[in-house]
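One structure is given below, encoded as structure tokens.
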Amino acid sequence: MKSFLNNNRALLALWIVLLVIVIIKLVGIGSGSNNYLIFKFAFVHAWEGHTLYGRSPLEFLDKNHYGPLFSLVMFPFAVLPDKIGLALWLTALFAVLWGAIRALPLSEWQKNVMALFIANELLTAGFNAQFNIAVAAMIVYTYVLIHRRQDFWASLPFLLATFIKLYGVVALAFFFFVKDKPRFMLGCVVWSIVLFLAPMAISSPQFVMQSYQEWFLALVVKNAANVSLVSYQDISVMGFFRRLFENPNIPNLPFLLGGAIIFALPYLRWRHFSHPNFQLRIVASTLIFPVLFSSASEGSTYIIVFTGLALWLVLQPTPWDKTVWTLVVLAIFFATLNSTDLYPRAWRDFLRLHSIKAIPCLLIWLRIMYELCVNDFSRATTPGADYKPVSGQR
């Protein structure tokens with residue numbers, strides 16, 4: 001196993017096998033992907049001047065809920081025959097996340113463990129042709145560019161994700177790690193203008209402005225539908241309590257405020273901002289937070305969460321202690337394998353209908369926040385190096 005985890009080619013081969021499995025299932029023996037059709041018609045509708053947030057006769061089960069920029073992103077795929085476009089779309093998603101993990105300032109062993117740990121969630125998201133794979137990658141790339149001091153360009157990945165799916169905005173949490181903050185803010189302004197105007201290349205200014213208004217309304221309607229006790233969404237902390245007490249009227253706000261306060265606590269420890277172990281834990285926390293506290297979260301959204309969990313795992317001093325192993329086992333058995341055929345259908349439905357997937361991830365997120373608030377990161381010069389907790393130090 002150790003030799004496998006030290007072999008980059010072996011992990012790349014595993015991801016290629018997973019990609020081939022997904023392509024065969026959706027393109028070879030399947031009838032395509034409902035999500036991909038929705039994504040494709042985002043471009044078609046923009047090109048033809050139809051609303052981006054209605055249904056096409058070829059779409060079913062759901063509607064587009066991504067921003068107007070997504071219509072342009074889908075252009076190179078949507079103009080191809082569906083099977084070719086879908087295969088290339090899946091390949092692009094896998095490639096962008098693989099590249100993001102490889103770009104992290106970690107050892108090869110740590111990158112390979114991350115790639116292995118998220119493999120099942122990658123497969124789940126892949127079977128749904130989900131853009132969430134790219135969202136995880138864009139958040140990671142934002143930190144990578146900040147780490148490399150490419151501050152002007154660092155704003156592009158998170159803004160690209162934000163203009164498509166709002167989760168990306170959480171990468172602003174890395175702002176305090178930016179060396180040249182004016183240059184970063186200039187990048188935010190420039191890229192915001194570019195990305196806002198970009199969809200006009202295939203439509204018109206009036207259409208794009210109208211689409212942004214419709215996008216906001218579509219998200220409001222979608223949120224109301226998500227909090228029903230039987231939806232496939234709301235796999236979140238709030239969803240767990242709504243379903244535990246069978247009360248869809250439990251509000252989001254108390255959970256969001258509590259989560260935001262906990263999320264912000266580590267920023268009181270400004271002396272640790274320059275240490276890689278601190279920064280990378282903030283990245284892990286940032287990947288997990290928006291999904292756990294969003295009523296729009298569904299099973300396939302957890303590729304974002306598991307990228308954060310995997311990053312936290314490889315930052316742990318080795319050998320991993322019992323607490324780390326316990327949290328990892330809980331995450332594997334109750335937050336990732338519950339979407340597979342290893343469990344009976346009734347058990348999978350029970351876990352989904354009670355939003356159980358969120359709970360092991362919440363426990364690990366709280367562990368990350370504890371580490372950020374009490375560990376002495378100045379003693380660790382490289383990610384994953386040993387350090388000793390120093391309670392109360394700031």
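Residue numbering restarts at 1 for every chain of the structure tokens, chains are lettered A, B, ... in their displayed order, and ligands are numbered from 1 as they appear.
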Practice task
Skip Ala310 in chain A itself and residues of its chain fewer than 6 positions away, then list as a list in words all residues within 9 Å of it, counting only C-alpha atoms.
Solution key: Val113, Met114, Ala115, Leu116, Phe117, Ile118 and Ala284 of chain A
Requested write-out: N, CA and C atoms of the selected residues, as a PDB file, in the first residue's frame:
ATOM      1  N   VAL A 113      -2.489  10.591  -1.286  1.00  0.00           N
ATOM      2  CA  VAL A 113      -3.500  10.223  -0.288  1.00  0.00           C
ATOM      3  C   VAL A 113      -4.785  11.021  -0.522  1.00  0.00           C
ATOM      4  N   MET A 114      -4.646  12.295  -0.828  1.00  0.00           N
ATOM      5  CA  MET A 114      -5.831  13.103  -1.141  1.00  0.00           C
ATOM      6  C   MET A 114      -6.585  12.535  -2.338  1.00  0.00           C
ATOM      7  N   ALA A 115      -5.848  12.210  -3.390  1.00  0.00           N
ATOM      8  CA  ALA A 115      -6.478  11.672  -4.602  1.00  0.00           C
ATOM      9  C   ALA A 115      -7.213  10.377  -4.321  1.00  0.00           C
ATOM     10  N   LEU A 116      -6.655   9.541  -3.452  1.00  0.00           N
ATOM     11  CA  LEU A 116      -7.296   8.270  -3.112  1.00  0.00           C
ATOM     12  C   LEU A 116      -8.513   8.494  -2.219  1.00  0.00           C
ATOM     13  N   PHE A 117      -8.385   9.390  -1.243  1.00  0.00           N
ATOM     14  CA  PHE A 117      -9.448   9.588  -0.262  1.00  0.00           C
ATOM     15  C   PHE A 117     -10.731  10.110  -0.895  1.00  0.00           C
ATOM     16  N   ILE A 118     -10.605  10.935  -1.921  1.00  0.00           N
ATOM     17  CA  ILE A 118     -11.805  11.528  -2.524  1.00  0.00           C
ATOM     18  C   ILE A 118     -12.325  10.722  -3.711  1.00  0.00           C
ATOM     19  N   ALA A 284      -8.812  23.881   3.985  1.00  0.00           N
ATOM     20  CA  ALA A 284      -9.670  22.724   4.257  1.00  0.00           C
ATOM     21  C   ALA A 284     -11.001  23.164   4.850  1.00  0.00           C
TER      22      ALA A 284
END
Exercise for the section: Tell me which protein, DNA and RNA residues are within 9 Å of range 339-346 of chain A, counting only C-alpha atoms, leaving out same-chain ones fewer than 3 positions away, and put them as a PyMOL selection string. Expected result: chain A and resi 120-121+124+299+335-336+349-352
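Of the residues listed (A:Val27, A:Leu330, A:Val237, A:Leu69), A:Val237 shows the shortest atom-to-atom separation from Ser297 in chain A; distances use only C-alpha atoms.
Residues in contact with Leu353 in chain A at 9 Å, where only C-alpha atoms are counted and same-chain residues fewer than 4 positions away are skipped, are listed as A:Leu229, A:Val230, A:Ser231, A:Tyr232, A:Ile235, A:Phe240, A:Arg243, A:Arg348, A:Asp349.
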Practice task
May I have the residues within 10 Å of range 266-268 of chain A as JSON, numbers by chain, using only C-alpha atoms and disregarding those fewer than 6 positions away in the same chain?
Solution key: {"A": [173, 176, 278, 282, 369, 370, 371, 372, 373, 374, 394]}
Writer output for current selection, C-alpha atoms, as a PDB file, in the first residue's frame:
ATOM      1  CA  ALA A 173     -11.195  33.667   3.242  1.00  0.00           C
ATOM      2  CA  PHE A 176      -5.269  37.576   4.663  1.00  0.00           C
ATOM      3  CA  PHE A 278      -2.338  27.176   9.399  1.00  0.00           C
ATOM      4  CA  ILE A 282      -8.010  27.351   6.500  1.00  0.00           C
ATOM      5  CA  MET A 369     -11.464  24.698  13.874  1.00  0.00           C
ATOM      6  CA  TYR A 370     -10.150  23.427  17.218  1.00  0.00           C
ATOM      7  CA  GLU A 371      -6.718  22.823  15.710  1.00  0.00           C
ATOM      8  CA  LEU A 372      -6.716  26.280  14.129  1.00  0.00           C
ATOM      9  CA  CYS A 373      -7.575  27.870  17.460  1.00  0.00           C
ATOM     10  CA  VAL A 374      -5.134  26.039  19.777  1.00  0.00           C
ATOM     11  CA  ARG A 394      -2.577  33.201  19.813  1.00  0.00           C
TER      12      ARG A 394
END
Handout entry: All residues 7 Å or closer to range 73-86 of chain A, only C-alpha atoms, same chain fewer than 6 positions away omitted, as a PyMOL selection string
Key = chain A and resi 27+36+39-40+43
Could you take the residues named above and write them with C-alpha atoms, as an mmCIF file, in the first residue's frame?
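Contents of the output file again.cif:
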data_model
loop_
_atom_site.group_PDB
_atom_site.id
_atom_site.type_symbol
_atom_site.label_atom_id
_atom_site.label_comp_id
_atom_site.auth_asym_id
_atom_site.auth_seq_id
_atom_site.Cartn_x
_atom_site.Cartn_y
_atom_site.Cartn_z
ATOM 1 C CA VAL A 27 -22.071 7.621 -22.707
ATOM 2 C CA TYR A 36 -25.389 17.566 -18.904
ATOM 3 C CA PHE A 39 -25.884 22.431 -18.864
ATOM 4 C CA LYS A 40 -25.886 22.137 -22.658
ATOM 5 C CA PHE A 43 -25.692 27.612 -23.915
#
Exercise for the section: Please provide the set of residues having any atom within 12 Å of Tyr302 in chain A, restricted to only C-alpha atoms, with same-chain residues fewer than 4 positions apart removed, written as a PyMOL selection string. Expected result: chain A and resi 118-126+130-133+135-136+233-236+287-292+294+296-298+306-310+331+335-336+339+357-358+360-361
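When only C-alpha atoms are used to measure the gap to Ser203 in chain A, the shortest distance among A:Val44, A:Val221, A:Leu363, A:Met185 belongs to A:Val44.
Distances from A:Ile101, A:Val208, A:Leu257, A:Ala95 to Phe293 in chain A were compared using only C-alpha atoms, and the smallest one belongs to A:Leu257.
Shell of range 157-169 of chain A at 7 Å, with only C-alpha atoms counted and residues fewer than 4 places along the chain excluded, is Tyr66, Gly67, Leu69, Phe70, Val135, Met138, Ile139, Tyr141, Thr142, Ser192 and Pro290 of chain A.
If only C-alpha atoms are the atoms counted, then among A:Ala10, A:Ile304, A:Ile368, A:Leu52 the closest residue to Glu214 in chain A is A:Leu52.
Between CA of Ser155 in chain A and CA of Ser285 in chain A there is a distance of 18.9 Å.
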Practice task
Find the distance between CA of Val324 in chain A and CA of Ile359 in chain A and write it in Å to one decimal.
Solution key: 15.3 Å
